[in-house]
>>> print(open('data22.cif').read())   # mmCIF, C-alpha atoms
data_final
#
loop_
_atom_site.label_atom_id
_atom_site.label_comp_id
_atom_site.auth_asym_id
_atom_site.auth_seq_id
_atom_site.Cartn_x
_atom_site.Cartn_y
_atom_site.Cartn_z
CA MET B 1 129.19 55.20 157.02
CA HIS B 2 127.24 52.56 158.89
CA ARG B 3 126.44 55.09 161.62
CA LEU B 4 125.32 57.61 159.03
CA ILE B 5 122.94 55.08 157.47
CA GLU B 6 121.62 54.20 160.91
CA PHE B 7 121.11 57.89 161.68
CA ILE B 8 119.27 58.48 158.39
CA LYS B 9 117.12 55.41 159.04
CA ARG B 10 116.20 56.85 162.42
CA ILE B 11 115.20 60.30 161.20
CA TYR B 12 114.01 59.76 157.64
CA VAL B 13 110.31 59.79 158.58
CA LEU B 14 110.78 63.09 160.36
CA VAL B 15 112.69 64.51 157.41
CA ILE B 16 110.02 63.40 154.93
CA PHE B 17 107.32 64.79 157.21
CA LEU B 18 109.10 68.15 157.49
CA LEU B 19 109.62 68.35 153.71
CA LEU B 20 105.97 67.53 152.98
CA GLU B 21 104.71 69.87 155.69
CA VAL B 22 106.86 72.78 154.51
CA GLY B 23 105.72 72.12 150.94
CA ALA B 24 102.04 72.09 151.94
CA LEU B 25 102.39 75.20 154.07
CA TRP B 26 104.28 77.00 151.31
CA SER B 27 101.61 76.05 148.80
CA TYR B 28 98.89 77.31 151.16
CA ALA B 29 100.74 80.49 152.10
CA THR B 30 101.22 81.49 148.48
CA SER B 31 97.79 80.38 147.26
CA SER B 32 95.69 83.32 148.35
CA SER B 33 96.20 86.96 149.07
CA TYR B 34 94.64 86.43 152.50
CA ALA B 35 97.24 83.96 153.67
CA GLU B 36 99.96 85.88 151.90
CA ALA B 37 98.89 89.16 153.45
CA LYS B 38 98.74 87.74 156.95
CA ILE B 39 102.24 86.42 156.59
CA LEU B 40 103.46 89.55 154.89
CA SER B 41 102.01 91.89 157.47
CA ARG B 42 103.52 89.89 160.30
CA THR B 43 106.81 88.58 159.18
CA THR B 44 108.36 90.23 156.21
CA ILE B 45 108.55 93.82 155.16
CA VAL B 46 110.72 92.70 152.25
CA GLY B 47 107.92 90.50 150.92
CA GLY B 48 105.55 93.42 151.24
CA ALA B 49 107.94 95.64 149.33
CA ILE B 50 108.25 93.05 146.54
CA SER B 51 104.49 92.61 146.36
CA GLY B 52 104.14 96.40 146.37
CA THR B 53 106.63 96.73 143.51
CA ILE B 54 104.75 94.18 141.41
CA THR B 55 101.52 96.03 142.06
CA ASP B 56 103.28 99.32 141.27
CA ILE B 57 104.21 97.97 137.86
CA GLY B 58 100.63 96.85 137.22
CA HIS B 59 99.37 100.18 138.51
CA PHE B 60 101.75 102.13 136.29
CA PHE B 61 100.07 100.75 133.19
CA SER B 62 96.62 101.65 134.48
CA LEU B 63 97.57 105.21 135.46
CA PRO B 64 95.94 106.97 132.50
CA ASP B 65 92.59 105.39 133.29
CA GLN B 66 92.94 106.10 137.01
CA ASN B 67 93.87 109.70 136.33
CA ARG B 68 90.88 110.14 134.08
CA ARG B 69 88.54 108.77 136.75
CA LEU B 70 90.11 110.84 139.53
CA THR B 71 89.97 114.03 137.48
CA ALA B 72 86.32 113.37 136.69
CA ARG B 73 85.66 112.83 140.38
CA VAL B 74 87.47 116.05 141.37
CA ALA B 75 85.45 117.98 138.81
CA GLU B 76 82.24 116.42 140.12
CA LEU B 77 83.15 117.32 143.72
CA ASN B 78 84.03 120.87 142.74
CA GLU B 79 80.68 121.26 141.08
CA GLU B 80 78.95 119.83 144.13
CA LEU B 81 80.85 122.20 146.43
CA GLU B 82 80.03 125.18 144.29
CA SER B 83 76.37 124.26 144.19
CA MET B 84 76.26 123.81 147.98
CA GLU B 85 77.95 127.16 148.56
CA MET B 86 75.39 128.76 146.32
CA GLN B 87 72.57 127.08 148.18
CA LEU B 88 73.95 128.26 151.54
CA LEU B 89 74.22 131.80 150.28
CA GLU B 90 70.68 131.68 148.95
CA MET B 91 69.39 130.34 152.22
CA GLY B 92 71.15 133.19 153.99
CA MET B 93 72.54 130.98 156.71
CA ASP B 94 74.38 132.94 159.40
CA SER B 95 77.91 132.17 160.50
CA THR B 96 76.80 130.33 163.67
CA ALA B 97 74.70 127.85 161.74
CA MET B 98 77.49 127.32 159.26
CA GLY B 99 79.91 126.73 162.10
CA ILE B 100 77.75 123.98 163.55
CA TYR B 101 77.41 122.35 160.13
CA GLU B 102 81.14 122.34 159.57
CA ASP B 103 81.96 121.01 163.03
CA GLY B 104 79.50 118.21 162.61
CA ASP B 105 80.90 117.07 159.31
CA HIS B 106 84.60 117.74 159.64
CA HIS B 107 85.68 115.02 162.03
CA PHE B 108 86.32 112.60 159.21
CA ARG B 109 89.70 112.46 157.54
CA TYR B 110 90.30 110.72 154.24
CA HIS B 111 93.55 108.89 153.48
CA PRO B 112 93.95 107.80 149.86
CA ALA B 113 95.34 104.27 149.52
CA ARG B 114 95.88 101.65 146.87
CA VAL B 115 95.06 97.96 146.91
CA VAL B 116 98.21 95.84 147.04
CA SER B 117 96.43 92.51 146.94
CA MET B 118 93.02 91.07 147.59
CA THR B 119 90.94 87.94 147.41
CA THR B 120 87.27 87.45 146.55
CA ASN B 121 86.96 83.68 146.26
CA ARG B 122 87.18 82.63 149.89
CA LYS B 123 84.86 82.81 152.85
CA HIS B 124 87.31 84.99 154.74
CA ASN B 125 88.38 87.41 152.03
CA ILE B 126 90.70 90.31 152.79
CA VAL B 127 92.12 93.36 151.06
CA VAL B 128 95.66 94.61 151.67
CA LEU B 129 96.30 98.35 151.32
CA ASP B 130 99.61 100.15 150.92
CA ARG B 131 99.09 102.38 153.96
CA GLY B 132 100.06 101.49 157.51
CA THR B 133 100.60 102.92 160.96
CA VAL B 134 103.28 105.34 159.72
CA ASP B 135 100.59 106.94 157.56
CA GLY B 136 98.25 107.29 160.53
CA ILE B 137 96.13 104.26 159.70
CA ALA B 138 94.66 102.29 162.60
CA ARG B 139 92.34 99.39 163.23
CA ASP B 140 88.58 100.04 162.85
CA MET B 141 88.91 102.77 160.23
CA GLY B 142 86.42 102.52 157.39
CA VAL B 143 87.38 101.91 153.78
CA ILE B 144 85.34 103.26 150.85
CA THR B 145 85.70 103.70 147.11
CA PRO B 146 86.16 107.19 145.61
CA ASP B 147 82.46 106.93 144.68
CA ASN B 148 81.41 106.68 148.35
CA GLU B 149 80.69 102.96 148.29
CA LEU B 150 81.50 100.74 151.26
CA VAL B 151 84.46 98.37 150.97
CA GLY B 152 85.07 97.29 154.58
CA TYR B 153 86.96 98.06 157.76
CA VAL B 154 90.65 97.98 158.67
CA VAL B 155 91.29 94.98 160.93
CA SER B 156 95.03 95.09 161.32
CA CYS B 157 98.00 97.27 160.44
CA SER B 158 101.70 96.90 160.10
CA GLU B 159 104.04 99.86 159.59
CA HIS B 160 103.41 100.12 155.87
CA TYR B 161 100.36 97.95 155.18
CA ALA B 162 96.80 97.64 156.36
CA VAL B 163 94.62 94.55 156.17
CA VAL B 164 90.95 95.27 155.49
CA MET B 165 88.04 92.96 156.19
CA PRO B 166 85.80 93.64 153.20
CA MET B 167 82.05 93.06 153.03
CA LEU B 168 82.90 89.77 151.29
CA ASN B 169 83.96 88.11 154.53
CA THR B 170 81.63 85.91 156.55
CA ASP B 171 82.93 87.58 159.73
CA PHE B 172 81.92 91.02 158.44
CA SER B 173 79.03 92.81 160.09
CA THR B 174 78.00 96.45 160.19
CA GLY B 175 74.95 98.61 160.67
CA GLY B 176 72.91 99.72 157.69
CA ARG B 177 69.95 101.96 156.92
CA ILE B 178 67.44 102.08 154.11
CA VAL B 179 67.95 105.51 152.55
CA ASP B 180 64.28 106.03 151.66
CA ASN B 181 62.70 105.41 155.05
CA GLY B 182 65.56 105.34 157.57
CA HIS B 183 64.89 101.83 158.87
CA VAL B 184 68.01 100.20 160.23
CA CYS B 185 69.40 96.73 159.59
CA VAL B 186 72.49 94.59 159.97
CA ILE B 187 74.69 94.05 156.91
CA ARG B 188 76.56 90.77 156.57
CA TRP B 189 77.80 88.39 153.90
CA PRO B 190 76.37 84.86 153.81
CA GLY B 191 79.33 83.70 151.72
CA GLU B 192 77.34 82.81 148.63
CA THR B 193 78.15 85.19 145.81
CA ARG B 194 80.62 88.03 145.60
CA TYR B 195 77.98 90.38 144.17
CA GLU B 196 75.51 90.26 147.04
CA VAL B 197 75.34 90.90 150.77
CA GLU B 198 72.45 90.45 153.14
CA ALA B 199 70.53 93.06 155.13
CA VAL B 200 68.91 91.32 158.06
CA GLU B 201 66.78 92.30 161.04
CA LEU B 202 64.85 94.89 159.05
CA SER B 203 61.74 95.96 160.90
CA ILE B 204 58.46 94.55 159.61
CA TYR B 205 57.35 98.16 159.23
CA SER B 206 60.28 99.00 156.97
CA GLU B 207 58.41 98.05 153.78
CA PRO B 208 61.49 97.22 151.72
CA LYS B 209 61.17 97.41 147.96
CA ARG B 210 63.33 96.25 145.09
CA GLY B 211 65.65 99.06 144.02
CA MET B 212 65.86 100.81 147.40
CA ASP B 213 69.37 101.91 148.37
CA VAL B 214 70.95 100.89 151.65
CA GLU B 215 73.72 102.94 153.22
CA VAL B 216 76.08 102.37 156.14
CA ARG B 217 75.07 103.47 159.59
CA SER B 218 78.22 103.34 161.67
CA GLU B 219 80.20 105.69 163.85
CA ARG B 220 83.25 104.78 161.76
CA LEU B 221 81.91 106.29 158.55
CA PRO B 222 80.07 109.46 157.56
CA VAL B 223 76.50 109.31 156.28
CA GLY B 224 75.90 108.66 152.61
CA ILE B 225 78.21 105.70 152.12
CA LYS B 226 76.30 103.31 149.91
CA VAL B 227 76.28 99.56 150.62
CA GLY B 228 74.04 98.38 147.81
CA THR B 229 70.57 98.12 146.34
CA ILE B 230 67.79 95.77 147.43
CA GLN B 231 67.29 92.96 144.92
CA GLU B 232 65.06 90.57 146.83
CA TYR B 233 63.44 90.61 150.23
CA ALA B 234 61.39 88.27 152.36
CA LEU B 235 59.91 87.95 155.80
CA ASN B 236 61.69 85.54 158.11
CA THR B 237 59.93 82.38 159.26
CA ALA B 238 58.83 83.94 162.53
CA LYS B 239 57.44 86.88 160.48
CA SER B 240 59.23 89.20 162.91
CA ALA B 241 61.66 90.86 160.51
CA TYR B 242 62.60 91.21 156.86
CA SER B 243 65.81 89.98 155.26
CA ALA B 244 66.93 91.44 151.97
CA LYS B 245 69.57 90.61 149.42
CA LEU B 246 71.57 93.65 148.34
CA ARG B 247 73.48 94.04 145.12
CA ILE B 248 76.84 95.43 146.32
CA ALA B 249 77.44 98.97 145.07
CA ALA B 250 81.24 98.73 144.93
CA ASP B 251 82.82 96.57 142.28
CA MET B 252 84.88 94.45 144.64
CA ALA B 253 86.67 92.58 141.89
CA THR B 254 88.29 95.68 140.40
CA LEU B 255 89.18 97.66 143.51
CA ASP B 256 92.29 99.76 143.12
CA ASN B 257 92.15 103.28 144.55
CA VAL B 258 90.29 103.53 147.83
CA LEU B 259 89.86 105.99 150.67
CA ILE B 260 90.53 105.08 154.29
CA VAL B 261 88.16 107.06 156.49
CA GLU B 262 89.26 108.14 159.95
CA ASN B 263 86.73 109.39 162.46
CA THR B 264 88.81 111.66 164.70
CA HIS B 265 86.15 111.28 167.40
CA TYR B 266 86.17 107.47 167.25
CA GLY B 267 88.40 107.10 170.35
CA GLU B 268 85.95 109.22 172.33
CA ILE B 269 82.96 107.16 171.12
CA GLU B 270 84.77 103.92 171.90
CA GLU B 271 85.60 105.15 175.40
CA LEU B 272 81.95 106.04 176.01
CA MET B 273 80.80 102.64 174.74
CA LYS B 274 83.24 100.93 177.09
CA GLN B 275 81.92 102.96 180.04
CA VAL B 276 78.35 101.95 179.18
CA GLU B 277 79.34 98.31 178.81
CA ASN B 278 81.12 98.35 182.19
CA MET U 279 93.30 42.06 152.48
CA PHE U 280 89.60 42.41 153.40
CA LYS U 281 90.56 44.82 156.15
CA ASN U 282 92.65 46.96 153.84
CA ILE U 283 89.79 47.17 151.35
CA SER U 284 87.50 48.17 154.22
CA TYR U 285 89.89 51.01 155.08
CA PHE U 286 89.79 52.08 151.45
CA TRP U 287 85.97 52.16 151.42
CA LEU U 288 85.92 54.01 154.74
CA ALA U 289 88.30 56.63 153.32
CA LEU U 290 86.26 56.98 150.14
CA SER U 291 82.96 57.29 152.04
CA LEU U 292 84.36 59.88 154.43
CA LEU U 293 85.80 61.91 151.53
CA VAL U 294 82.47 61.84 149.68
CA VAL U 295 80.55 62.83 152.83
CA GLN U 296 83.01 65.65 153.52
CA ILE U 297 83.14 67.03 149.98
CA PHE U 298 79.50 66.69 148.97
CA ILE U 299 77.64 67.05 152.26
CA LEU U 300 79.54 68.52 155.18
CA ASP U 301 81.40 71.13 153.18
CA GLN U 302 78.18 72.29 151.52
CA LEU U 303 76.40 72.78 154.84
CA SER U 304 76.47 76.20 156.38
CA ILE U 305 74.98 75.62 159.81
CA ALA U 306 76.86 78.44 161.46
CA MET U 307 80.15 80.25 161.00
CA TRP U 308 81.57 78.50 164.09
CA LEU U 309 80.15 75.05 163.35
CA ARG U 310 82.11 73.30 160.60
CA PRO U 311 82.29 69.58 161.19
CA MET U 312 85.12 67.64 159.55
CA LEU U 313 85.12 63.85 159.45
CA PHE U 314 88.04 63.17 157.12
CA PRO U 315 90.67 63.12 159.95
CA LEU U 316 89.07 59.79 160.91
CA ILE U 317 90.78 58.27 157.87
CA VAL U 318 94.15 58.86 159.56
CA ILE U 319 92.94 58.36 163.11
CA LEU U 320 91.45 54.91 162.43
CA LEU U 321 94.34 53.49 160.42
CA PRO U 322 95.81 50.40 162.09
CA MET U 323 98.12 51.44 164.90
CA GLU U 324 100.67 48.82 163.83
CA TRP U 325 101.21 50.57 160.51
CA ARG U 326 104.58 52.25 160.15
CA THR U 327 104.47 56.05 160.42
CA ILE U 328 105.78 56.45 156.89
CA TRP U 329 102.72 54.65 155.45
CA VAL U 330 100.35 56.66 157.62
CA LEU U 331 102.18 59.76 156.38
CA MET U 332 101.67 58.69 152.77
CA VAL U 333 97.95 58.05 153.34
CA SER U 334 97.64 61.50 155.00
CA LEU U 335 99.38 63.04 152.01
CA ILE U 336 97.03 61.38 149.51
CA VAL U 337 93.89 62.29 151.48
CA GLY U 338 95.18 65.84 151.98
CA VAL U 339 95.94 66.31 148.28
CA VAL U 340 92.54 64.90 147.25
CA LEU U 341 90.78 67.34 149.60
CA ASP U 342 92.97 70.26 148.56
CA VAL U 343 92.19 69.64 144.91
CA SER U 344 88.47 69.02 145.51
CA LEU U 345 87.82 71.83 147.96
CA GLY U 346 90.44 74.35 146.86
CA GLY U 347 92.43 74.13 150.08
CA ALA U 348 95.73 74.83 148.29
CA GLY U 349 97.71 72.82 150.83
CA LEU U 350 95.67 73.61 153.95
CA TYR U 351 94.16 70.12 154.22
CA THR U 352 97.50 68.42 153.60
CA ALA U 353 99.31 70.67 156.06
CA THR U 354 96.82 69.85 158.80
CA LEU U 355 96.59 66.10 158.15
CA LEU U 356 100.33 65.34 157.99
CA PRO U 357 101.01 66.21 161.67
CA LEU U 358 98.25 63.79 162.71
CA ALA U 359 100.20 60.93 161.14
CA VAL U 360 103.32 61.82 163.12
CA VAL U 361 101.73 62.51 166.49
CA ARG U 362 99.24 59.59 166.42
CA SER U 363 101.26 57.33 168.70
CA THR U 364 102.13 60.16 171.09
CA VAL U 365 98.51 61.25 171.37
CA MET U 366 97.52 57.64 171.93
CA TYR U 367 100.07 57.38 174.76
CA LEU U 368 99.19 60.73 176.32
CA THR U 369 95.44 60.20 176.25
CA THR U 370 95.17 56.51 177.02
CA HIS U 371 98.60 55.62 178.46
CA ARG U 372 98.90 52.87 175.86
CA SER U 373 102.27 52.83 174.23
CA VAL U 374 102.42 51.79 170.62
CA GLU U 375 105.54 49.76 170.23
CA HIS U 376 106.71 47.46 167.54
CA GLY U 377 105.22 44.06 167.88
CA ASP U 378 101.68 42.77 167.80
CA GLN U 379 99.51 45.87 167.91
CA THR U 380 96.89 44.48 165.57
CA ALA U 381 93.41 45.77 166.32
CA LEU U 382 94.67 47.88 169.20
CA LEU U 383 91.78 50.28 168.67
CA SER U 384 89.23 47.51 169.10
CA ARG U 385 90.83 46.39 172.36
CA MET U 386 90.62 49.83 173.93
CA ALA U 387 87.89 50.72 176.42
CA LEU U 388 85.18 52.93 174.91
CA ARG U 389 86.15 55.86 177.13
CA GLN U 390 89.81 55.59 176.09
CA LEU U 391 88.83 55.34 172.43
CA MET U 392 86.65 58.42 172.71
CA ILE U 393 89.43 60.39 174.41
CA TYR U 394 91.89 59.36 171.69
CA VAL U 395 89.53 60.20 168.79
CA GLY U 396 88.43 63.44 170.50
CA ALA U 397 92.00 64.55 171.16
CA MET U 398 93.05 63.85 167.58
CA LEU U 399 90.01 65.69 166.19
CA LEU U 400 90.64 68.63 168.53
CA LEU U 401 94.28 68.78 167.46
CA HIS U 402 93.33 68.71 163.79
CA HIS U 403 90.54 71.28 164.11
CA ALA U 404 92.74 73.62 166.16
CA LEU U 405 95.48 73.45 163.56
CA PHE U 406 93.05 73.81 160.66
CA PHE U 407 91.09 76.80 161.94
CA TRP U 408 94.17 78.56 163.22
CA LEU U 409 95.95 78.13 159.90
CA GLU U 410 92.84 79.26 158.05
CA ALA U 411 92.46 82.39 160.17
CA MET U 412 96.21 82.91 160.69
CA SER U 413 95.36 85.33 163.42
CA VAL U 414 94.44 85.47 167.06
CA ALA U 415 92.74 88.84 166.63
CA LEU U 416 89.33 87.22 167.12
CA LEU U 417 90.59 84.75 169.70
CA TRP U 418 87.23 83.91 171.31
CA GLN U 419 85.61 83.35 167.96
CA LEU U 420 88.51 81.13 166.91
CA LEU U 421 88.33 79.13 170.15
CA ALA U 422 84.55 78.77 169.84
CA THR U 423 84.90 77.55 166.24
CA ILE U 424 87.54 74.99 167.25
CA LEU U 425 85.62 73.77 170.26
CA PHE U 426 82.12 73.56 168.80
CA SER U 427 83.28 72.15 165.47
CA THR U 428 85.32 69.46 167.25
CA LEU U 429 82.36 68.62 169.42
CA LEU U 430 80.01 68.32 166.45
CA SER U 431 82.60 66.32 164.48
CA LEU U 432 82.98 63.94 167.43
CA ILE U 433 79.21 63.54 167.76
CA ILE U 434 78.88 62.67 164.07
CA ALA U 435 82.06 60.58 164.03
CA TRP U 436 81.38 58.46 167.09
CA PRO U 437 78.76 56.10 165.56
CA ILE U 438 81.02 55.68 162.49
CA VAL U 439 84.00 54.86 164.71
CA ARG U 440 81.99 52.38 166.77
CA LEU U 441 80.50 50.70 163.73
CA PHE U 442 83.80 50.48 161.84
CA ILE U 443 85.76 49.15 164.80
CA SER U 444 83.16 46.60 165.85
CA LYS U 445 82.42 45.30 162.35
CA ILE U 446 85.73 45.61 160.54
CA VAL U 447 88.69 46.00 162.87
CA ARG U 448 87.67 43.39 165.42
#
>>> encode(input="data22.cif", output="structure tokens")
Amino acid sequence: MHRLIEFIKRIYVLVIFLLLEVGALWSYATSSSYAEAKILSRTTIVGGAISGTITDIGHFFSLPDQNRRLTARVAELNEELESMEMQLLEMGMDSTAMGIYEDGDHHFRYHPARVVSMTTNRKHNIVVLDRGTVDGIARDMGVITPDNELVGYVVSCSEHYAVVMPMLNTDFSTGGRIVDNGHVCVIRWPGETRYEVEAVELSIYSEPKRGMDVEVRSERLPVGIKVGTIQEYALNTAKSAYSAKLRIAADMATLDNVLIVENTHYGEIEELMKQVEN
Amino acid sequence: MFKNISYFWLALSLLVVQIFILDQLSIAMWLRPMLFPLIVILLPMEWRTIWVLMVSLIVGVVLDVSLGGAGLYTATLLPLAVVRSTVMYLTTHRSVEHGDQTALLSRMALRQLMIYVGAMLLLHHALFFWLEAMSVALLWQLLATILFSTLLSLIIAWPIVRLFISKIVR
């Protein structure tokens, strides 16, 4: 008994430290989807399955609304397709021209996915999707909403889950382009509000205006993916470039169904870039 | 008693500076100075680890509640309390044993003191940023954040350390 008391006396600080540390880490790990997702994607498939089940239940109750939106979108796309076919016929395009058009646009594959968990209140927000490497998902693929609005890029994948770095992450950066005049810029998030991102390094000749749309310009996504709309703009102090605040097109707080975009030529582009860099 | 009150005021000042000034600054993504580890680092070396642990817990909880750390601040401050003596020994070859260790920090050479404070800050920042990122995917960015933030923290902290030790601890 005396030895036991002596032993406890010797290690009680360590025991208290371990208890407090485990408690703090547990609190942190379960506090945000980011921390949770990182742990889930690395250590426990069971945890992922549980989280997925909970989301499934939530999703089940929102199915009617989702179905209505998806059906509306399908109808819209069908109409668009029909109208384009009609236009092509009217223009009398020959088969060669059509072939080039199709080749150019058909190296993007779309994988539907659902949001398992996400965070929007941190500087390093993330989104976890229920698709992983077994579904053909890989790092660097783009993620968009069904309405062609940018969400972010896949940064890591486990077998069944993918972690996306959304625009609302201070590490996020991608190329952008003003739709009206084609001037390019860099899109990033200054970490201030979840409704706005920044378009920086806009040429002084770009003449930005309030209400202009900005889309993504990246080899990872097709053209026409909207980032947001210019709300404010100003020249930088050196008067060498414009910076603009963009109202984000996608409603990041209510993300549910998304599309993961795969550029089947991305490997080739990456290889070329590496050669140039070397 | 006067000394203990001084430690209390130091802790309070550092918490206020951290919460209302340093945490509101956004100098750069990889430059995030943190001064609050000084509260643990500068505690008297003769204090028993359990008391240092309790102080770390209180400071950690205050920061977690104020800054929404959800345990991150506590989880990164607690190890400092436990490894303080070891870091002191490893960096300055001074062993902290039971006995008269009063004002040990004030008796250290400036270089030794800087190494000790720097090592403790580096340890804290490494733990903090790694836990926050929970990834080594952007390893260089993580390392740069740890290194530059530690450096900036040390630059800001050094005058405070000097002033506190010379005026209060001595």
>>> resolve_selection(input="data22.cif", expression="the PyMOL selection byres ((chain B) within 7 of (chain U))", output="short mmCIF file (atom, residue, chain, number, x, y, z; two decimals) with C-alpha atoms, keeping the file's coordinate frame")
data_model
loop_
_atom_site.label_atom_id
_atom_site.label_comp_id
_atom_site.auth_asym_id
_atom_site.auth_seq_id
_atom_site.Cartn_x
_atom_site.Cartn_y
_atom_site.Cartn_z
CA VAL B 13 110.31 59.79 158.58
CA GLU B 21 104.71 69.87 155.69
CA ALA B 24 102.04 72.09 151.94
CA LEU B 25 102.39 75.20 154.07
CA SER B 27 101.61 76.05 148.80
CA TYR B 28 98.89 77.31 151.16
CA SER B 31 97.79 80.38 147.26
CA LYS B 38 98.74 87.74 156.95
#
>>> axis_aligned_box(input="data22.cif", around="segment 161-180 of chain B", padding_each_side="4 Å", output="AutoDock Vina command-line options")
--center_x 82.3 --center_y 96.0 --center_z 156.0 --size_x 44.1 --size_y 28.1 --size_z 17.4
>>> residues_around(input="data22.cif", residues="segment 437-443 of chain U", least_positions_apart="4", cutoff="12 Å", atoms="only C-alpha atoms", output="ChimeraX atom specification")
/U:281,284-285,287-289,291-292,313-317,319-322,381-389,391-392,394-396,431-433,447-448
>>> atom_distance(input="data22.cif", atom1="atom CA of Asp171 of chain B", atom2="atom CA of Ala234 of chain B")
22.8 Å
>>> atom_distance(input="data22.cif", atom1="atom CA of Asn169 of chain B", atom2="atom CA of Leu429 of chain U")
24.6 Å
>>> residues_around(input="data22.cif", residues="segment 211-224 of chain B", least_positions_apart="4", cutoff="9 Å", atoms="only C-alpha atoms", output="tab-separated table (two decimals) with C-alpha atoms, in the coordinates of the input")
chain	number	residue	atom	x	y	z
B	105	ASP	CA	80.90	117.07	159.31
B	108	PHE	CA	86.32	112.60	159.21
B	140	ASP	CA	88.58	100.04	162.85
B	141	MET	CA	88.91	102.77	160.23
B	142	GLY	CA	86.42	102.52	157.39
B	143	VAL	CA	87.38	101.91	153.78
B	144	ILE	CA	85.34	103.26	150.85
B	148	ASN	CA	81.41	106.68	148.35
B	149	GLU	CA	80.69	102.96	148.29
B	150	LEU	CA	81.50	100.74	151.26
B	153	TYR	CA	86.96	98.06	157.76
B	174	THR	CA	78.00	96.45	160.19
B	175	GLY	CA	74.95	98.61	160.67
B	176	GLY	CA	72.91	99.72	157.69
B	177	ARG	CA	69.95	101.96	156.92
B	178	ILE	CA	67.44	102.08	154.11
B	179	VAL	CA	67.95	105.51	152.55
B	180	ASP	CA	64.28	106.03	151.66
B	184	VAL	CA	68.01	100.20	160.23
B	185	CYS	CA	69.40	96.73	159.59
B	187	ILE	CA	74.69	94.05	156.91
B	199	ALA	CA	70.53	93.06	155.13
B	228	GLY	CA	74.04	98.38	147.81
B	229	THR	CA	70.57	98.12	146.34
B	230	ILE	CA	67.79	95.77	147.43
B	231	GLN	CA	67.29	92.96	144.92
B	232	GLU	CA	65.06	90.57	146.83
B	246	LEU	CA	71.57	93.65	148.34
B	261	VAL	CA	88.16	107.06	156.49
B	262	GLU	CA	89.26	108.14	159.95
B	263	ASN	CA	86.73	109.39	162.46
B	265	HIS	CA	86.15	111.28	167.40
B	266	TYR	CA	86.17	107.47	167.25
B	269	ILE	CA	82.96	107.16	171.12
>>> atom_distance(input="data22.cif", atom1="atom CA of Leu417 of chain U", atom2="atom CA of Val164 of chain B")
17.7 Å
>>> residues_around(input="data22.cif", residues="Met312 of chain U", least_positions_apart="2", cutoff="10 Å", atoms="only C-alpha atoms", output="compact mmCIF listing (two decimals) with C-alpha atoms, keeping the file's coordinate frame")
# COMPACT_ATOMS: atom_id res chain seq x y z
CA LEU U 292 84.36 59.88 154.43
CA LEU U 293 85.80 61.91 151.53
CA VAL U 295 80.55 62.83 152.83
CA GLN U 296 83.01 65.65 153.52
CA ILE U 297 83.14 67.03 149.98
CA LEU U 300 79.54 68.52 155.18
CA ASP U 301 81.40 71.13 153.18
CA LEU U 309 80.15 75.05 163.35
CA ARG U 310 82.11 73.30 160.60
CA PHE U 314 88.04 63.17 157.12
CA PRO U 315 90.67 63.12 159.95
CA LEU U 316 89.07 59.79 160.91
CA LEU U 399 90.01 65.69 166.19
CA HIS U 402 93.33 68.71 163.79
CA HIS U 403 90.54 71.28 164.11
CA SER U 427 83.28 72.15 165.47
CA THR U 428 85.32 69.46 167.25
CA LEU U 430 80.01 68.32 166.45
CA SER U 431 82.60 66.32 164.48
CA LEU U 432 82.98 63.94 167.43
CA ILE U 434 78.88 62.67 164.07
CA ALA U 435 82.06 60.58 164.03
>>> closest_residue(input="data22.cif", among="B:Met167, B:Val155, B:Leu89, B:Ile204", to="His183 of chain B", atoms="all atoms listed in the file")
B:Ile204
>>> closest_residue(input="data22.cif", among="B:Ser173, B:Ser158, B:Thr193, B:Thr55", to="Ala253 of chain B", atoms="only C-alpha atoms")
B:Thr193
>>> resolve_selection(input="data22.cif", expression="the PyMOL selection byres ((chain U and resi 364) around 12)", output="list in words")
Met323, Thr327, Pro357, Leu358, Ala359, Val360, Val361, Arg362, Ser363, Val365, Met366, Tyr367, Leu368, Thr369, Thr370, His371, Arg372, Ser373, Val374, Glu375, Tyr394, Ala397 and Met398 of chain U
>>> resolve_selection(input="data22.cif", expression="the PyMOL selection byres ((chain B and resi 243) around 9)", output="list in words")
Cys185, Glu198, Ala199, Val200, Glu201, Leu202, Glu232, Tyr233, Ala234, Leu235, Asn236, Ala241, Tyr242, Ala244 and Lys245 of chain B
>>> closest_residue(input="data22.cif", among="U:Glu324, U:Phe286, U:Gln302, U:Trp308", to="Ile336 of chain U", atoms="all atoms listed in the file")
U:Phe286
>>> residues_around(input="data22.cif", residues="Ile126 of chain B", least_positions_apart="3", cutoff="6 Å", atoms="all atoms listed in the file", output="NGL selection string")
:B and (34 or 118-119 or 164-166)
